[in-house]
Structures are given as structure tokens and as C-alpha cells.
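Undergrad: Sharing model.pdb (PDB, C-alpha atoms and all ligand atoms) below.
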ATOM      1  CA  MET J   1       1.410 -82.191  13.740
ATOM      2  CA  LYS J   2      -0.438 -80.194  16.404
ATOM      3  CA  LEU J   3      -2.358 -81.063  19.532
ATOM      4  CA  ILE J   4      -5.565 -79.084  19.921
ATOM      5  CA  ILE J   5      -6.848 -78.862  23.487
ATOM      6  CA  CYS J   6     -10.346 -77.497  23.472
ATOM      7  CA  ILE J   7     -12.494 -76.729  26.524
ATOM      8  CA  VAL J   8     -16.203 -76.452  25.762
ATOM      9  CA  GLN J   9     -19.501 -76.472  27.599
ATOM     10  CA  ASP J  10     -21.070 -79.901  28.106
ATOM     11  CA  GLN J  11     -24.164 -78.840  26.098
ATOM     12  CA  ASP J  12     -22.060 -78.250  22.972
ATOM     13  CA  ALA J  13     -19.810 -81.298  23.256
ATOM     14  CA  GLY J  14     -22.084 -83.899  21.624
ATOM     15  CA  SER J  15     -22.754 -82.048  18.361
ATOM     16  CA  LEU J  16     -19.143 -80.851  18.191
ATOM     17  CA  ILE J  17     -17.755 -84.393  18.517
ATOM     18  CA  ASP J  18     -20.269 -85.659  15.921
ATOM     19  CA  ASP J  19     -19.182 -82.975  13.421
ATOM     20  CA  LEU J  20     -15.473 -83.554  14.068
ATOM     21  CA  THR J  21     -15.640 -87.334  13.720
ATOM     22  CA  GLU J  22     -17.816 -86.999  10.587
ATOM     23  CA  LYS J  23     -14.975 -84.965   9.079
ATOM     24  CA  ASP J  24     -12.439 -87.667  10.056
ATOM     25  CA  TYR J  25     -10.908 -85.938  13.069
ATOM     26  CA  ARG J  26      -9.860 -88.201  15.913
ATOM     27  CA  VAL J  27     -11.095 -86.940  19.248
ATOM     28  CA  THR J  28     -10.628 -87.879  22.886
ATOM     29  CA  LYS J  29     -13.223 -86.516  25.286
ATOM     30  CA  LEU J  30     -12.330 -85.827  28.903
ATOM     31  CA  SER J  31     -14.717 -84.767  31.635
ATOM     32  CA  SER J  32     -13.273 -81.659  33.260
ATOM     33  CA  THR J  33     -14.201 -79.020  35.817
ATOM     34  CA  GLY J  34     -13.775 -75.273  35.487
ATOM     35  CA  GLY J  35     -11.699 -73.730  38.244
ATOM     36  CA  PHE J  36     -13.845 -70.603  38.540
ATOM     37  CA  LEU J  37     -17.418 -71.929  38.377
ATOM     38  CA  LYS J  38     -16.405 -75.368  39.717
ATOM     39  CA  SER J  39     -18.911 -76.929  37.369
ATOM     40  CA  GLY J  40     -18.468 -79.593  34.716
ATOM     41  CA  ASN J  41     -17.184 -78.879  31.253
ATOM     42  CA  THR J  42     -15.663 -80.979  28.487
ATOM     43  CA  THR J  43     -12.069 -81.035  27.304
ATOM     44  CA  LEU J  44     -11.297 -82.469  23.873
ATOM     45  CA  LEU J  45      -7.861 -83.644  22.742
ATOM     46  CA  MET J  46      -7.232 -83.800  19.008
ATOM     47  CA  GLY J  47      -4.014 -84.722  17.269
ATOM     48  CA  VAL J  48      -4.218 -83.128  13.798
ATOM     49  CA  ASP J  49      -2.019 -82.407  10.781
ATOM     50  CA  ASP J  50      -0.977 -78.767  10.532
ATOM     51  CA  ASP J  51      -3.284 -78.019   7.594
ATOM     52  CA  LYS J  52      -6.286 -79.416   9.516
ATOM     53  CA  VAL J  53      -5.992 -76.996  12.442
ATOM     54  CA  GLU J  54      -7.906 -74.063  10.923
ATOM     55  CA  PRO J  55     -10.787 -76.236   9.599
ATOM     56  CA  ALA J  56     -11.059 -77.805  13.083
ATOM     57  CA  ILE J  57     -11.287 -74.358  14.654
ATOM     58  CA  GLY J  58     -14.053 -73.521  12.149
ATOM     59  CA  ILE J  59     -16.034 -76.587  13.261
ATOM     60  CA  ILE J  60     -15.532 -75.592  16.914
ATOM     61  CA  GLU J  61     -16.791 -72.055  16.127
ATOM     62  CA  ASP J  62     -19.881 -73.454  14.386
ATOM     63  CA  ASN J  63     -20.850 -75.634  17.371
ATOM     64  CA  CYS J  64     -19.935 -73.685  20.501
ATOM     65  CA  LYS J  65     -22.119 -70.913  21.788
ATOM     66  CA  THR J  66     -21.397 -68.224  24.357
ATOM     67  CA  ARG J  67     -23.872 -68.381  27.246
ATOM     68  CA  GLU J  68     -24.610 -66.120  30.190
ATOM     69  CA  ILE J  69     -24.630 -68.071  33.438
ATOM     70  CA  THR J  70     -25.855 -66.685  36.732
ATOM     71  CA  THR J  71     -23.859 -67.985  39.638
ATOM     72  CA  SER J  72     -24.022 -67.205  43.341
ATOM     73  CA  LEU J  73     -20.329 -67.761  43.963
ATOM     74  CA  LEU J  74     -19.920 -64.248  45.257
ATOM     75  CA  THR J  75     -21.029 -63.638  48.833
ATOM     76  CA  VAL J  76     -21.531 -60.215  50.366
ATOM     77  CA  ALA J  77     -20.866 -59.562  54.049
ATOM     78  CA  MET J  78     -23.935 -58.281  55.916
ATOM     79  CA  PRO J  79     -24.163 -56.747  59.406
ATOM     80  CA  GLY J  80     -24.106 -59.383  62.159
ATOM     81  CA  ASP J  81     -21.515 -61.684  60.564
ATOM     82  CA  THR J  82     -23.951 -63.027  57.969
ATOM     83  CA  TYR J  83     -23.191 -63.507  54.303
ATOM     84  CA  MET J  84     -25.670 -63.122  51.435
ATOM     85  CA  PRO J  85     -25.146 -64.978  48.155
ATOM     86  CA  PHE J  86     -24.899 -62.348  45.429
ATOM     87  CA  PRO J  87     -25.859 -63.308  41.875
ATOM     88  CA  LEU J  88     -23.013 -62.855  39.422
ATOM     89  CA  GLU J  89     -23.469 -62.952  35.635
ATOM     90  CA  VAL J  90     -20.633 -64.751  33.862
ATOM     91  CA  LYS J  91     -20.212 -65.208  30.104
ATOM     92  CA  VAL J  92     -18.949 -68.722  29.378
ATOM     93  CA  GLY J  93     -17.553 -70.068  26.116
ATOM     94  CA  GLY J  94     -17.983 -70.627  23.170
ATOM     95  CA  ALA J  95     -14.656 -72.481  23.560
ATOM     96  CA  THR J  96     -11.155 -72.089  24.951
ATOM     97  CA  VAL J  97      -8.683 -73.510  22.462
ATOM     98  CA  PHE J  98      -4.955 -74.200  22.805
ATOM     99  CA  VAL J  99      -2.867 -75.335  19.820
ATOM    100  CA  LEU J 100       0.436 -77.020  20.748
ATOM    101  CA  ASP J 101       3.295 -78.359  18.627
ATOM    102  CA  VAL J 102       3.626 -82.141  18.810
ATOM    103  CA  GLU J 103       7.233 -83.311  18.992
ATOM    104  CA  LYS J 104       6.488 -86.959  18.361
ATOM    105  CA  HIS J 105       3.372 -89.044  17.696
ATOM    106  CA  ILE J 106       3.714 -92.789  18.171
ATOM    107  CA  LYS J 107       1.015 -95.420  17.672
ATOM    108  CA  ILE J 108       1.887 -98.911  18.840
TER     109      ILE J 108
HETATM  110  P1  LIG J 201     -14.266 -71.761  34.611
HETATM  111  O1  LIG J 201     -12.913 -71.605  35.178
HETATM  112  O2  LIG J 201     -15.312 -72.368  35.458
HETATM  113  O3  LIG J 201     -14.732 -70.302  34.119
HETATM  114  C1  LIG J 201     -16.034 -70.067  33.633
HETATM  115  C2  LIG J 201     -16.180 -68.631  33.191
HETATM  116  O4  LIG J 201     -16.029 -67.763  34.306
HETATM  117  C3  LIG J 201     -15.113 -68.183  32.182
HETATM  118  O5  LIG J 201     -15.537 -68.507  30.869
HETATM  119  C4  LIG J 201     -15.021 -66.686  32.437
HETATM  120  O6  LIG J 201     -16.040 -66.002  31.730
HETATM  121  C5  LIG J 201     -15.340 -66.576  33.907
HETATM  122  N1  LIG J 201     -14.136 -66.471  34.729
HETATM  123  C6  LIG J 201     -13.147 -67.393  34.861
HETATM  124  N2  LIG J 201     -12.214 -66.968  35.731
HETATM  125  C7  LIG J 201     -12.619 -65.765  36.150
HETATM  126  C8  LIG J 201     -12.087 -64.800  37.055
HETATM  127  N3  LIG J 201     -10.942 -65.017  37.715
HETATM  128  N4  LIG J 201     -12.786 -63.643  37.252
HETATM  129  C9  LIG J 201     -13.954 -63.423  36.602
HETATM  130  N5  LIG J 201     -14.510 -64.285  35.737
HETATM  131  C10 LIG J 201     -13.853 -65.436  35.506
HETATM  132  P2  LIG J 201     -14.463 -68.942  29.791
HETATM  133  O7  LIG J 201     -13.339 -67.948  29.751
HETATM  134  O8  LIG J 201     -15.221 -69.168  28.520
HETATM  135  O9  LIG J 201     -13.840 -70.312  30.286
HETATM  136  C11 LIG J 201     -14.591 -71.518  30.283
HETATM  137  C12 LIG J 201     -13.785 -72.625  30.898
HETATM  138  O10 LIG J 201     -12.609 -72.848  30.093
HETATM  139  C13 LIG J 201     -13.220 -72.308  32.284
HETATM  140  O11 LIG J 201     -14.189 -72.632  33.266
HETATM  141  C14 LIG J 201     -11.996 -73.221  32.369
HETATM  142  O12 LIG J 201     -12.385 -74.560  32.638
HETATM  143  C15 LIG J 201     -11.494 -73.175  30.937
HETATM  144  N6  LIG J 201     -10.461 -72.149  30.725
HETATM  145  C16 LIG J 201     -10.644 -70.899  30.283
HETATM  146  N7  LIG J 201      -9.472 -70.250  30.161
HETATM  147  C17 LIG J 201      -8.525 -71.126  30.538
HETATM  148  C18 LIG J 201      -7.098 -71.066  30.624
HETATM  149  N8  LIG J 201      -6.392 -69.936  30.304
HETATM  150  N9  LIG J 201      -6.420 -72.161  31.052
HETATM  151  C19 LIG J 201      -7.098 -73.301  31.385
HETATM  152  N10 LIG J 201      -8.447 -73.412  31.301
HETATM  153  C20 LIG J 201      -9.146 -72.347  30.894
END
Could the structure of this file be written out as C-alpha cells, please?

TA:
Amino acid sequence: MKLIICIVQDQDAGSLIDDLTEKDYRVTKLSSTGGFLKSGNTTLLMGVDDDKVEPAIGIIEDNCKTREITTSLLTVAMPGDTYMPFPLEVKVGGATVFVLDVEKHIKI
């Protein structure tokens, strides 16, 4: 068994969870925050049999889009100790996926 940890954009989470549950995957949704943009994203936990990992990744690929986000995180120093927000284009997603071995899975 594997644990898939999947970080996706909030906009993609609903359709992704619908597709996964339709195909009998069990999913736990966590609200998370990206360390760089400091904005909300969604983390999904899925415990899956080994042979279900690749199909799950296919479903994630079908639902998660890469988007360009303009952020003003970067500030540029100006004369007179002032700082100007500087727009920065960042490509986010489709998804960041980790696949971990599960040592034990217990349901009580
Ligand atoms: P954030 O940390 O908010 O990052 C959002 C996007 O900003 C990233 O998209 C990447 O394009 C860019 N970015 C992140 N750190 C950067 C840096 N130090 N310099 C320049 N650009 C940077 P993604 O790579 O698609 O990541 C989307 C979200 O997935 C991340 O949100 C974070 O929550 C998570 N994530 C990505 N890689 C991760 C990792 N190795 N470990 C844990 N979480 C990760």
C-alpha cells in the first residue's frame, strides 16, 4: 500500500475529489497554505493499493491545471528608504505529488 500526498490549487480540488471518489478512491482533504505564496491550497491524502497509484496520478493530471499567478511578494528598495511592490509571475501547479510506502494500515 502507498500513501499519496497531493498538493493542488483550491480551484481544482472539487472536480479532482469528485473524480477520485467516483473511481472508488478514498480521499481526505486538508486545507493547507503554500510557504512561498502564503495563500491557500488543498492537500489530499489517499491510501491506495500499489496498482492504483498510476491510475490515481492520471486522474490528478486530468484535473489539475498549471496557472500563472501574479504576486507582489517581491519588494524593490527605492531611494529614500521606500519600498515598491514588484509584480512577480509565478507558475503554480498542476499538482505536487508525493508517493510514500505505508508500513501498516489499521482500521478500527
Ligand atoms: P507555494 O509554496 O505557495 O508555492 C507556489 C509556487 O511558487 C510554486 O508552485 C512555485 O512555482 C513557486 N515557488 C515556490 N517556492 C519558490 C521559490 N523559493 N522561488 C521561486 N518560486 C517559488 P508549485 O511548485 O506548483 O507548488 C505549489 C504548492 O505546492 C506550494 O505552494 C507548496 O504548498 C506545495 N509544494 C510544492 N513543492 C513542495 C515540496 N517540495 N514540499 C512541500 N510542499 C511543496

Undergrad: Mind listing the residues within 7 Å of ligand LIG 201 (chain J), all atoms listed in the file counted, as a list in words?

TA: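 The residues within 7 Å of ligand LIG 201 (chain J), counting all atoms listed in the file, are Ile7, Val8, Thr33, Gly34, Gly35, Phe36, Leu37, Lys38, Ser39, Asn41, Val90, Lys91, Val92, Gly93, Gly94, Ala95 and Thr96 of chain J.
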
Undergrad: For Val48 of chain J, work out the shell of residues within 9 Å, counting all atoms listed in the file and skipping chain neighbours fewer than 6 positions away, then give it as a ChimeraX atom specification.

TA: /J:1-4,25-26,56

Undergrad: Expanded to explicit residues, what is the PyMOL selection byres (((chain J and resi 13) around 12) and not hetatm) for this file, as a ChimeraX atom specification?

TA: /J:6-12,14-20,27-32,40-44,59-60,62-65,93-95

Undergrad: Can you build me a table of segment 8-89 of chain J residues sitting at most 10 Å from segment 98-104 of chain J, with the closest atom pair per residue and its distance in Å to one decimal, using all atoms listed in the file, sorted by chain and residue number, as a Markdown table?

TA:
| residue | atom | partner | partner_atom | distance |
| --- | --- | --- | --- | --- |
| J:Leu45 | CA | J:Phe98 | CA | 9.9 |
| J:Met46 | CA | J:Val99 | CA | 9.6 |
| J:Gly47 | CA | J:Val102 | CA | 8.2 |
| J:Val48 | CA | J:Val102 | CA | 9.4 |
| J:Asp49 | CA | J:Val102 | CA | 9.8 |
| J:Asp50 | CA | J:Asp101 | CA | 9.2 |
| J:Val53 | CA | J:Val99 | CA | 8.2 |
| J:Ile57 | CA | J:Val99 | CA | 9.9 |

Undergrad: Looking at J:Ile106, J:Glu61, J:Glu54, J:Thr70, which one is nearest to Pro85 of chain J, with distances taken over only C-alpha atoms?

TA: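 Among J:Ile106, J:Glu61, J:Glu54, J:Thr70, it is J:Thr70 that comes nearest to Pro85 of chain J.
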
Undergrad: At what distance in Å, to one decimal, does atom CA of Tyr83 of chain J lie from atom CA of Thr71 of chain J?

TA: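 Interatomic distance here is 15.3 Å.
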
Undergrad: Quick check, in Å to one decimal: how far apart do atom CA of Glu89 of chain J and atom CA of Ser72 of chain J lie?

TA: 8.8 Å

Undergrad: Generate all heavy atoms for segment 7-18 of chain J and emit them as a CSV table (one decimal), keeping the file's coordinate frame.

TA:
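Writing the result to out-v7.csv gives the following:
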chain,number,residue,atom,x,y,z
J,7,ILE,N,-11.6,-76.6,25.4
J,7,ILE,CA,-12.5,-76.7,26.5
J,7,ILE,C,-13.8,-76.1,26.1
J,7,ILE,O,-13.9,-75.0,25.7
J,7,ILE,CB,-11.9,-76.0,27.8
J,7,ILE,CG1,-10.5,-76.6,28.1
J,7,ILE,CG2,-12.9,-76.1,28.9
J,7,ILE,CD1,-9.7,-75.6,28.9
J,8,VAL,N,-14.9,-76.9,26.2
J,8,VAL,CA,-16.2,-76.5,25.8
J,8,VAL,C,-17.2,-76.8,26.8
J,8,VAL,O,-17.0,-77.5,27.8
J,8,VAL,CB,-16.6,-77.1,24.4
J,8,VAL,CG1,-15.6,-76.9,23.3
J,8,VAL,CG2,-16.8,-78.6,24.6
J,9,GLN,N,-18.4,-76.2,26.7
J,9,GLN,CA,-19.5,-76.5,27.6
J,9,GLN,C,-20.1,-77.8,27.3
J,9,GLN,O,-20.1,-78.2,26.1
J,9,GLN,CB,-20.6,-75.4,27.5
J,9,GLN,CG,-20.1,-74.0,27.9
J,9,GLN,CD,-21.1,-73.0,27.7
J,9,GLN,OE1,-22.2,-72.9,28.3
J,9,GLN,NE2,-20.8,-72.1,26.7
J,10,ASP,N,-20.5,-78.5,28.3
J,10,ASP,CA,-21.1,-79.9,28.1
J,10,ASP,C,-22.2,-79.9,27.0
J,10,ASP,O,-22.3,-80.9,26.3
J,10,ASP,CB,-21.6,-80.4,29.4
J,10,ASP,CG,-20.5,-80.8,30.4
J,10,ASP,OD1,-19.4,-80.9,30.0
J,10,ASP,OD2,-20.8,-80.9,31.6
J,11,GLN,N,-23.0,-78.9,27.0
J,11,GLN,CA,-24.2,-78.8,26.1
J,11,GLN,C,-23.7,-78.9,24.6
J,11,GLN,O,-24.5,-79.3,23.8
J,11,GLN,CB,-25.0,-77.6,26.3
J,11,GLN,CG,-25.6,-77.4,27.7
J,11,GLN,CD,-24.8,-76.5,28.5
J,11,GLN,OE1,-23.6,-76.7,28.7
J,11,GLN,NE2,-25.4,-75.5,29.1
J,12,ASP,N,-22.5,-78.3,24.4
J,12,ASP,CA,-22.1,-78.2,23.0
J,12,ASP,C,-21.2,-79.5,22.6
J,12,ASP,O,-20.9,-79.6,21.4
J,12,ASP,CB,-21.2,-77.0,22.8
J,12,ASP,CG,-22.0,-75.7,23.0
J,12,ASP,OD1,-23.2,-75.7,22.7
J,12,ASP,OD2,-21.4,-74.7,23.5
J,13,ALA,N,-20.8,-80.3,23.5
J,13,ALA,CA,-19.8,-81.3,23.3
J,13,ALA,C,-20.3,-82.4,22.3
J,13,ALA,O,-19.6,-82.8,21.4
J,13,ALA,CB,-19.4,-81.9,24.6
J,14,GLY,N,-21.6,-82.8,22.4
J,14,GLY,CA,-22.1,-83.9,21.6
J,14,GLY,C,-22.1,-83.6,20.1
J,14,GLY,O,-21.5,-84.3,19.3
J,15,SER,N,-22.7,-82.4,19.8
J,15,SER,CA,-22.8,-82.0,18.4
J,15,SER,C,-21.4,-81.7,17.8
J,15,SER,O,-21.1,-82.0,16.7
J,15,SER,CB,-23.7,-80.9,18.2
J,15,SER,OG,-23.2,-79.7,18.8
J,16,LEU,N,-20.5,-81.2,18.6
J,16,LEU,CA,-19.1,-80.9,18.2
J,16,LEU,C,-18.4,-82.1,17.9
J,16,LEU,O,-17.8,-82.3,16.8
J,16,LEU,CB,-18.4,-80.0,19.3
J,16,LEU,CG,-16.9,-79.8,19.0
J,16,LEU,CD1,-16.7,-79.0,17.7
J,16,LEU,CD2,-16.3,-79.0,20.2
J,17,ILE,N,-18.5,-83.1,18.8
J,17,ILE,CA,-17.8,-84.4,18.5
J,17,ILE,C,-18.3,-85.1,17.3
J,17,ILE,O,-17.6,-85.6,16.4
J,17,ILE,CB,-17.8,-85.3,19.8
J,17,ILE,CG1,-17.0,-84.7,20.9
J,17,ILE,CG2,-17.3,-86.7,19.5
J,17,ILE,CD1,-17.3,-85.3,22.3
J,18,ASP,N,-19.7,-85.1,17.1
J,18,ASP,CA,-20.3,-85.7,15.9
J,18,ASP,C,-19.7,-85.0,14.7
J,18,ASP,O,-19.3,-85.7,13.7
J,18,ASP,CB,-21.8,-85.5,15.9
J,18,ASP,CG,-22.4,-86.4,17.0
J,18,ASP,OD1,-21.7,-87.3,17.5
J,18,ASP,OD2,-23.6,-86.2,17.3
